[in-house]
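J.: So that we are looking at the same thing, I have put the structure below in structure tokens.
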Amino acid sequence: MKRLPRCLAAASLGCLVLAAPCRAEEEKANEKPAGMAFGPEFFITGDSDNFQSRRVSVEFFPAFENADRYLGFRLGDYQYKQGNWQRAGKKISFLARSVETKTTDGGAIEVGAFEQGGHTLLTLDGSYRLSPTKSTAVEFLVTRDWVETPKSLDRGIDFSFVGVAVDQGLGSHVTLVGLAAQQYFSDGNRRDHGRLRLIYQPSLDLGLTLQARYRTYRSSHEDVDRAYFNPKNYSEAMLAVGWRQRFSGWTLAVTAGLGTETINREFRQPTRLLDVNLQSPVRGSQVFRFGAGYSRSTTFSGPSYQYRYLRGEWVILF
């Protein structure tokens, strides 16, 4: 029960934050009055355990200025499948986003009601970023959702994740990012998370970054009856290359990484990561987003677990 006040407090903070103005003064003069918009959205995943998930949604925005400032609703249909096991779910969400395009300062929040298998959950996904100095940014994060494995969905196990991240510029070419967070599971388990990322940008014009990443967590309960992958101690060190480029207002971002993970301070094996994201111009009569990704790591089914995803969104203004 201690997790619920944290979630409600975070949700209240997110709503208050979004109510505050966060646009730069020079952007205000150029923005058009908010109009209405609608469109489809999807998210599809699959893994080497033959677990598949599919979300297809319809979105409606009664107030839509651009891709960084809107208010809307999303109605989503969820399907999960693994072998002979299947599950369907429905979710209705309220969406709000108010972010400065140039600095990415501001906030976004999604609050929803998610029903699956006779279980109902108030979900939450929110973030707020501010820059107290030109070289420092702080971001607050909160997420509440189902644990998406067959056994967890059957039991109605959910999690709440609360964290804070700090971006610190170390000159014009180097940035250090750190995150500290706690994750609370409804079965009584808790994870303490820590992440570090050192980013080097050899040229400010190429959009290329070289990244050294490290993440770790420690679980309070090691035995969760195999409801989800849950080692007592987990860590991963990874070297990654990122590339981000804009052309005619479109933004393309690619990240590829190779690493090594350590399970319970004993077992080690290589990991891989690939992410591709494409977004249309933020301002326009239509907004299009597409993403795809692949990763390889360890799960309780073995050391060669592979995960893939596709996601997309198309918003049309009228």
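Ordering of the structure tokens sets the chain letters (A, B, ...); residue numbers start at 1 within each chain; ligands are numbered from 1 in the order shown.
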Can you write out as JSON lines which residues of range 108-213 of chain A fall within 10 Å of range 98-102 of chain A, alongside each residue's closest atom pair and its distance in Å to one decimal, counting only C-alpha atoms and ordering rows by chain and ascending residue number?
T.:
```
{"residue": "A:Ala108", "atom": "CA", "partner": "A:Ser98", "partner_atom": "CA", "distance": 6.3}
{"residue": "A:Ile109", "atom": "CA", "partner": "A:Ser98", "partner_atom": "CA", "distance": 9.3}
{"residue": "A:Tyr128", "atom": "CA", "partner": "A:Val99", "partner_atom": "CA", "distance": 9.0}
{"residue": "A:Arg129", "atom": "CA", "partner": "A:Val99", "partner_atom": "CA", "distance": 8.7}
```
J.: Using only C-alpha atoms, which protein or nucleic acid residues come within 8 Å of Val276 in chain A? Drop anything in the same chain fewer than 4 positions from it, and give the result as a list in words.
T.: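 My list of contacting residues is Leu252, Ala253, Val254, Thr255, Gly291, Ala292 and Gly293 of chain A.
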J.: Can I get the selected residues back with C-alpha atoms, as a PDB file, in the first residue's frame?
T.:
```
ATOM      1  CA  LEU A 252      16.381   9.984 -37.877  1.00  0.00           C
ATOM      2  CA  ALA A 253      18.097   8.421 -34.837  1.00  0.00           C
ATOM      3  CA  VAL A 254      20.016   5.132 -34.760  1.00  0.00           C
ATOM      4  CA  THR A 255      21.729   3.488 -31.773  1.00  0.00           C
ATOM      5  CA  GLY A 291      10.482   2.980 -34.277  1.00  0.00           C
ATOM      6  CA  ALA A 292      12.021  -0.489 -34.411  1.00  0.00           C
ATOM      7  CA  GLY A 293      14.414  -2.278 -32.112  1.00  0.00           C
TER       8      GLY A 293
END
```
J.: I'd like the contact shell of Ile263 in chain A - 12 Å cut-off, only C-alpha atoms, skipping same-chain residues fewer than 3 positions apart - returned as a ChimeraX atom specification.
T.: /A:216-219,222,229-236,260,266-270,297-300,302-303
J.: Output N, CA, C and O atoms of each residue in that selection to a file, as an mmCIF file, in the first residue's frame.
T.:
```
data_model
loop_
_atom_site.group_PDB
_atom_site.id
_atom_site.type_symbol
_atom_site.label_atom_id
_atom_site.label_comp_id
_atom_site.auth_asym_id
_atom_site.auth_seq_id
_atom_site.Cartn_x
_atom_site.Cartn_y
_atom_site.Cartn_z
ATOM 1 N N THR A 216 22.667 -1.179 -13.428
ATOM 2 C CA THR A 216 22.650 -2.244 -12.439
ATOM 3 C C THR A 216 21.369 -2.159 -11.623
ATOM 4 O O THR A 216 20.755 -1.088 -11.532
ATOM 5 N N TYR A 217 20.927 -3.273 -11.087
ATOM 6 C CA TYR A 217 19.843 -3.259 -10.111
ATOM 7 C C TYR A 217 20.013 -4.422 -9.144
ATOM 8 O O TYR A 217 20.678 -5.416 -9.442
ATOM 9 N N ARG A 218 19.400 -4.255 -7.985
ATOM 10 C CA ARG A 218 19.406 -5.283 -6.949
ATOM 11 C C ARG A 218 17.968 -5.509 -6.514
ATOM 12 O O ARG A 218 17.237 -4.561 -6.206
ATOM 13 N N SER A 219 17.560 -6.789 -6.479
ATOM 14 C CA SER A 219 16.194 -7.150 -6.104
ATOM 15 C C SER A 219 16.145 -7.555 -4.637
ATOM 16 O O SER A 219 17.043 -8.236 -4.137
ATOM 17 N N GLU A 222 14.533 -12.656 -4.390
ATOM 18 C CA GLU A 222 15.045 -13.398 -5.536
ATOM 19 C C GLU A 222 14.017 -14.391 -6.058
ATOM 20 O O GLU A 222 13.933 -14.646 -7.268
ATOM 21 N N PHE A 229 11.576 -12.423 -15.001
ATOM 22 C CA PHE A 229 13.019 -12.539 -14.829
ATOM 23 C C PHE A 229 13.459 -11.649 -13.679
ATOM 24 O O PHE A 229 13.210 -10.443 -13.687
ATOM 25 N N ASN A 230 14.145 -12.248 -12.675
ATOM 26 C CA ASN A 230 14.400 -11.501 -11.446
ATOM 27 C C ASN A 230 15.646 -11.998 -10.727
ATOM 28 O O ASN A 230 15.562 -12.607 -9.667
ATOM 29 N N PRO A 231 16.837 -11.749 -11.273
ATOM 30 C CA PRO A 231 18.041 -12.107 -10.517
ATOM 31 C C PRO A 231 18.199 -11.202 -9.299
ATOM 32 O O PRO A 231 17.693 -10.078 -9.261
ATOM 33 N N LYS A 232 18.905 -11.714 -8.312
ATOM 34 C CA LYS A 232 19.162 -10.910 -7.118
ATOM 35 C C LYS A 232 20.002 -9.687 -7.461
ATOM 36 O O LYS A 232 19.732 -8.569 -6.993
ATOM 37 N N ASN A 233 21.035 -9.891 -8.277
ATOM 38 C CA ASN A 233 21.898 -8.798 -8.716
ATOM 39 C C ASN A 233 22.062 -8.868 -10.231
ATOM 40 O O ASN A 233 22.264 -9.951 -10.791
ATOM 41 N N TYR A 234 21.983 -7.730 -10.872
ATOM 42 C CA TYR A 234 22.143 -7.670 -12.321
ATOM 43 C C TYR A 234 22.947 -6.423 -12.674
ATOM 44 O O TYR A 234 22.769 -5.357 -12.075
ATOM 45 N N SER A 235 23.839 -6.559 -13.668
ATOM 46 C CA SER A 235 24.578 -5.408 -14.165
ATOM 47 C C SER A 235 24.902 -5.615 -15.638
ATOM 48 O O SER A 235 25.023 -6.752 -16.111
ATOM 49 N N GLU A 236 25.028 -4.514 -16.355
ATOM 50 C CA GLU A 236 25.387 -4.561 -17.773
ATOM 51 C C GLU A 236 26.281 -3.377 -18.102
ATOM 52 O O GLU A 236 25.974 -2.236 -17.736
ATOM 53 N N THR A 260 28.249 -6.498 -22.120
ATOM 54 C CA THR A 260 28.374 -7.719 -21.321
ATOM 55 C C THR A 260 27.529 -7.564 -20.073
ATOM 56 O O THR A 260 27.597 -6.536 -19.392
ATOM 57 N N GLU A 266 28.089 -13.757 -11.114
ATOM 58 C CA GLU A 266 28.765 -14.990 -11.519
ATOM 59 C C GLU A 266 28.697 -15.200 -13.024
ATOM 60 O O GLU A 266 29.710 -15.218 -13.707
ATOM 61 N N PHE A 267 27.502 -15.360 -13.545
ATOM 62 C CA PHE A 267 27.336 -15.687 -14.953
ATOM 63 C C PHE A 267 27.482 -14.431 -15.810
ATOM 64 O O PHE A 267 26.865 -13.407 -15.541
ATOM 65 N N ARG A 268 28.304 -14.508 -16.855
ATOM 66 C CA ARG A 268 28.505 -13.408 -17.795
ATOM 67 C C ARG A 268 28.234 -13.870 -19.213
ATOM 68 O O ARG A 268 28.554 -14.991 -19.572
ATOM 69 N N GLN A 269 27.662 -12.949 -19.994
ATOM 70 C CA GLN A 269 27.428 -13.257 -21.401
ATOM 71 C C GLN A 269 27.260 -11.952 -22.176
ATOM 72 O O GLN A 269 26.943 -10.905 -21.601
ATOM 73 N N PRO A 270 27.489 -11.961 -23.497
ATOM 74 C CA PRO A 270 27.382 -10.737 -24.286
ATOM 75 C C PRO A 270 25.936 -10.301 -24.496
ATOM 76 O O PRO A 270 25.009 -11.123 -24.477
ATOM 77 N N SER A 297 19.799 -10.625 -24.633
ATOM 78 C CA SER A 297 20.254 -10.651 -23.246
ATOM 79 C C SER A 297 19.868 -11.994 -22.639
ATOM 80 O O SER A 297 19.573 -12.952 -23.349
ATOM 81 N N THR A 298 19.829 -12.051 -21.299
ATOM 82 C CA THR A 298 19.497 -13.283 -20.589
ATOM 83 C C THR A 298 18.114 -13.166 -19.971
ATOM 84 O O THR A 298 17.707 -12.096 -19.531
ATOM 85 N N THR A 299 17.382 -14.266 -19.952
ATOM 86 C CA THR A 299 16.154 -14.346 -19.184
ATOM 87 C C THR A 299 16.103 -15.716 -18.523
ATOM 88 O O THR A 299 17.030 -16.523 -18.680
ATOM 89 N N PHE A 300 15.021 -16.037 -17.783
ATOM 90 C CA PHE A 300 15.012 -17.324 -17.092
ATOM 91 C C PHE A 300 14.905 -18.507 -18.038
ATOM 92 O O PHE A 300 15.106 -19.639 -17.633
ATOM 93 N N GLY A 302 16.933 -18.803 -20.654
ATOM 94 C CA GLY A 302 18.252 -19.089 -21.186
ATOM 95 C C GLY A 302 19.048 -17.832 -21.480
ATOM 96 O O GLY A 302 18.541 -16.710 -21.372
ATOM 97 N N PRO A 303 20.317 -17.998 -21.894
ATOM 98 C CA PRO A 303 21.210 -16.854 -22.086
ATOM 99 C C PRO A 303 21.110 -16.194 -23.452
ATOM 100 O O PRO A 303 21.815 -15.221 -23.704
#
```
J.: What's the 6 Å shell around range 192-203 of chain A, counting only C-alpha atoms, without same-chain residues fewer than 5 positions away, as a list of chain:residue names?
T.: A:His173, A:Val174, A:Thr175, A:Leu176, A:Val177, A:Gly178, A:Leu179, A:Ala180, A:Ala181, A:Gln182, A:Thr209, A:Leu210, A:Gln211, A:Ala212, A:Arg213, A:Tyr214, A:Arg215, A:Thr216, A:Tyr217, A:Arg218
J.: Run DSSP on the backbone of this structure and report the residues of range 125-253 of chain A it assigns to strand (DSSP E), as an MDAnalysis selection string.
T.: chainID A and resid 125:133 136:146 158:169 174:185 190:200 208:219 233:247 250:253
J.: State, in Å with one decimal place, the distance from CA of Leu141 in chain A to CA of Ser172 in chain A.
T.: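 Calculated distance between CA of Leu141 in chain A and CA of Ser172 in chain A is 26.0 Å.
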J.: Using CA of Gly35 in chain A and CA of Ala63 in chain A as the two end points, give the distance in Å to one decimal.
T.: 5.4 Å
J.: Determine, counting only C-alpha atoms, which protein, DNA and RNA residues have an atom within 6 Å of an atom of Ser160 in chain A; residues of the same chain fewer than 6 positions away are not included. Present the result as number ranges by chain.
T.: A: 143-144, 183-184
J.: Step one, run DSSP on the backbone; step two, keep only residues of range 142-244 of chain A assigned to helix (DSSP H, G or I); then write them as a ChimeraX atom specification.
T.: /A:150-155
J.: Keeping only N, CA and C atoms, write the selected residues as an mmCIF file, in the first residue's frame.
T.:
```
data_model
loop_
_atom_site.group_PDB
_atom_site.id
_atom_site.type_symbol
_atom_site.label_atom_id
_atom_site.label_comp_id
_atom_site.auth_asym_id
_atom_site.auth_seq_id
_atom_site.Cartn_x
_atom_site.Cartn_y
_atom_site.Cartn_z
ATOM 1 N N PRO A 150 3.117 -14.059 -19.136
ATOM 2 C CA PRO A 150 1.860 -14.784 -18.925
ATOM 3 C C PRO A 150 1.505 -14.992 -17.458
ATOM 4 N N LYS A 151 2.461 -15.449 -16.661
ATOM 5 C CA LYS A 151 2.163 -15.708 -15.250
ATOM 6 C C LYS A 151 1.859 -14.423 -14.492
ATOM 7 N N SER A 152 2.571 -13.332 -14.805
ATOM 8 C CA SER A 152 2.320 -12.063 -14.123
ATOM 9 C C SER A 152 0.963 -11.485 -14.505
ATOM 10 N N LEU A 153 0.603 -11.576 -15.774
ATOM 11 C CA LEU A 153 -0.697 -11.077 -16.205
ATOM 12 C C LEU A 153 -1.824 -11.888 -15.582
ATOM 13 N N ASP A 154 -1.647 -13.215 -15.490
ATOM 14 C CA ASP A 154 -2.663 -14.049 -14.841
ATOM 15 C C ASP A 154 -2.858 -13.655 -13.384
ATOM 16 N N ARG A 155 -1.782 -13.329 -12.705
ATOM 17 C CA ARG A 155 -1.848 -12.990 -11.282
ATOM 18 C C ARG A 155 -2.141 -11.515 -11.031
#
```
J.: Interatomic distance between CA of Asn277 in chain A and CA of Leu206 in chain A?
T.: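 Separation between CA of Asn277 in chain A and CA of Leu206 in chain A: 17.2 Å.
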J.: In terms of the shortest atom-to-atom distance over only C-alpha atoms, which of A:Gln79, A:Ser285, A:Ser48, A:Ser280 is closest to Gly117 in chain A?
T.: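 Comparing A:Gln79, A:Ser285, A:Ser48, A:Ser280 against Gly117 in chain A, the winner is A:Gln79.
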J.: I'd like the neighbourhood of Gly188 in chain A as a list in words, where a residue qualifies if any of its atoms comes within 10 Å (using only C-alpha atoms), though same-chain residues fewer than 5 positions away should be ignored.
T.: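 Here the qualifying residues turn out to be Ile157, Phe159, Ser220, His221 and Val224 of chain A.
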J.: What would the file look like if the residues just selected were written as a PDB file, in the first residue's frame with all heavy atoms?
T.:
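Written out: selection-v4.pdb:
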```
ATOM      1  N   ILE A 157       0.056  -8.950 -11.532  1.00  0.00           N
ATOM      2  CA  ILE A 157       1.222  -8.315 -10.927  1.00  0.00           C
ATOM      3  C   ILE A 157       1.556  -7.034 -11.689  1.00  0.00           C
ATOM      4  O   ILE A 157       1.704  -7.046 -12.908  1.00  0.00           O
ATOM      5  CB  ILE A 157       2.429  -9.263 -10.928  1.00  0.00           C
ATOM      6  CG1 ILE A 157       2.121 -10.533 -10.120  1.00  0.00           C
ATOM      7  CG2 ILE A 157       3.669  -8.567 -10.369  1.00  0.00           C
ATOM      8  CD1 ILE A 157       3.218 -11.566 -10.170  1.00  0.00           C
ATOM      9  N   PHE A 159       3.857  -3.056 -11.493  1.00  0.00           N
ATOM     10  CA  PHE A 159       5.044  -2.424 -10.929  1.00  0.00           C
ATOM     11  C   PHE A 159       4.884  -0.915 -10.972  1.00  0.00           C
ATOM     12  O   PHE A 159       4.140  -0.365 -11.784  1.00  0.00           O
ATOM     13  CB  PHE A 159       6.310  -2.832 -11.692  1.00  0.00           C
ATOM     14  CG  PHE A 159       6.419  -2.222 -13.070  1.00  0.00           C
ATOM     15  CD1 PHE A 159       7.050  -0.997 -13.263  1.00  0.00           C
ATOM     16  CD2 PHE A 159       5.885  -2.867 -14.167  1.00  0.00           C
ATOM     17  CE1 PHE A 159       7.139  -0.431 -14.521  1.00  0.00           C
ATOM     18  CE2 PHE A 159       5.965  -2.308 -15.438  1.00  0.00           C
ATOM     19  CZ  PHE A 159       6.599  -1.087 -15.620  1.00  0.00           C
ATOM     20  N   SER A 220      15.075  -7.137  -3.954  1.00  0.00           N
ATOM     21  CA  SER A 220      14.919  -7.503  -2.547  1.00  0.00           C
ATOM     22  C   SER A 220      14.467  -8.945  -2.385  1.00  0.00           C
ATOM     23  O   SER A 220      14.763  -9.585  -1.370  1.00  0.00           O
ATOM     24  CB  SER A 220      13.917  -6.562  -1.873  1.00  0.00           C
ATOM     25  OG  SER A 220      12.634  -6.686  -2.477  1.00  0.00           O
ATOM     26  N   HIS A 221      13.735  -9.490  -3.378  1.00  0.00           N
ATOM     27  CA  HIS A 221      13.268 -10.877  -3.352  1.00  0.00           C
ATOM     28  C   HIS A 221      13.797 -11.588  -4.594  1.00  0.00           C
ATOM     29  O   HIS A 221      13.520 -11.168  -5.711  1.00  0.00           O
ATOM     30  CB  HIS A 221      11.739 -10.949  -3.361  1.00  0.00           C
ATOM     31  CG  HIS A 221      11.091 -10.402  -2.131  1.00  0.00           C
ATOM     32  ND1 HIS A 221      11.260  -9.097  -1.721  1.00  0.00           N
ATOM     33  CD2 HIS A 221      10.262 -10.979  -1.225  1.00  0.00           C
ATOM     34  CE1 HIS A 221      10.568  -8.887  -0.614  1.00  0.00           C
ATOM     35  NE2 HIS A 221       9.960 -10.009  -0.288  1.00  0.00           N
ATOM     36  N   VAL A 224      10.487 -15.175  -7.104  1.00  0.00           N
ATOM     37  CA  VAL A 224       9.168 -14.640  -7.474  1.00  0.00           C
ATOM     38  C   VAL A 224       8.368 -15.703  -8.232  1.00  0.00           C
ATOM     39  O   VAL A 224       7.480 -15.384  -9.009  1.00  0.00           O
ATOM     40  CB  VAL A 224       9.305 -13.354  -8.311  1.00  0.00           C
ATOM     41  CG1 VAL A 224       9.923 -12.236  -7.481  1.00  0.00           C
ATOM     42  CG2 VAL A 224      10.124 -13.607  -9.576  1.00  0.00           C
TER      43      VAL A 224
END
```
J.: May I have the residues within 10 Å of Arg97 in chain A as a ChimeraX atom specification, using only C-alpha atoms and disregarding those fewer than 4 positions away in the same chain?
T.: /A:18-19,64,66-72,106-110,126-128
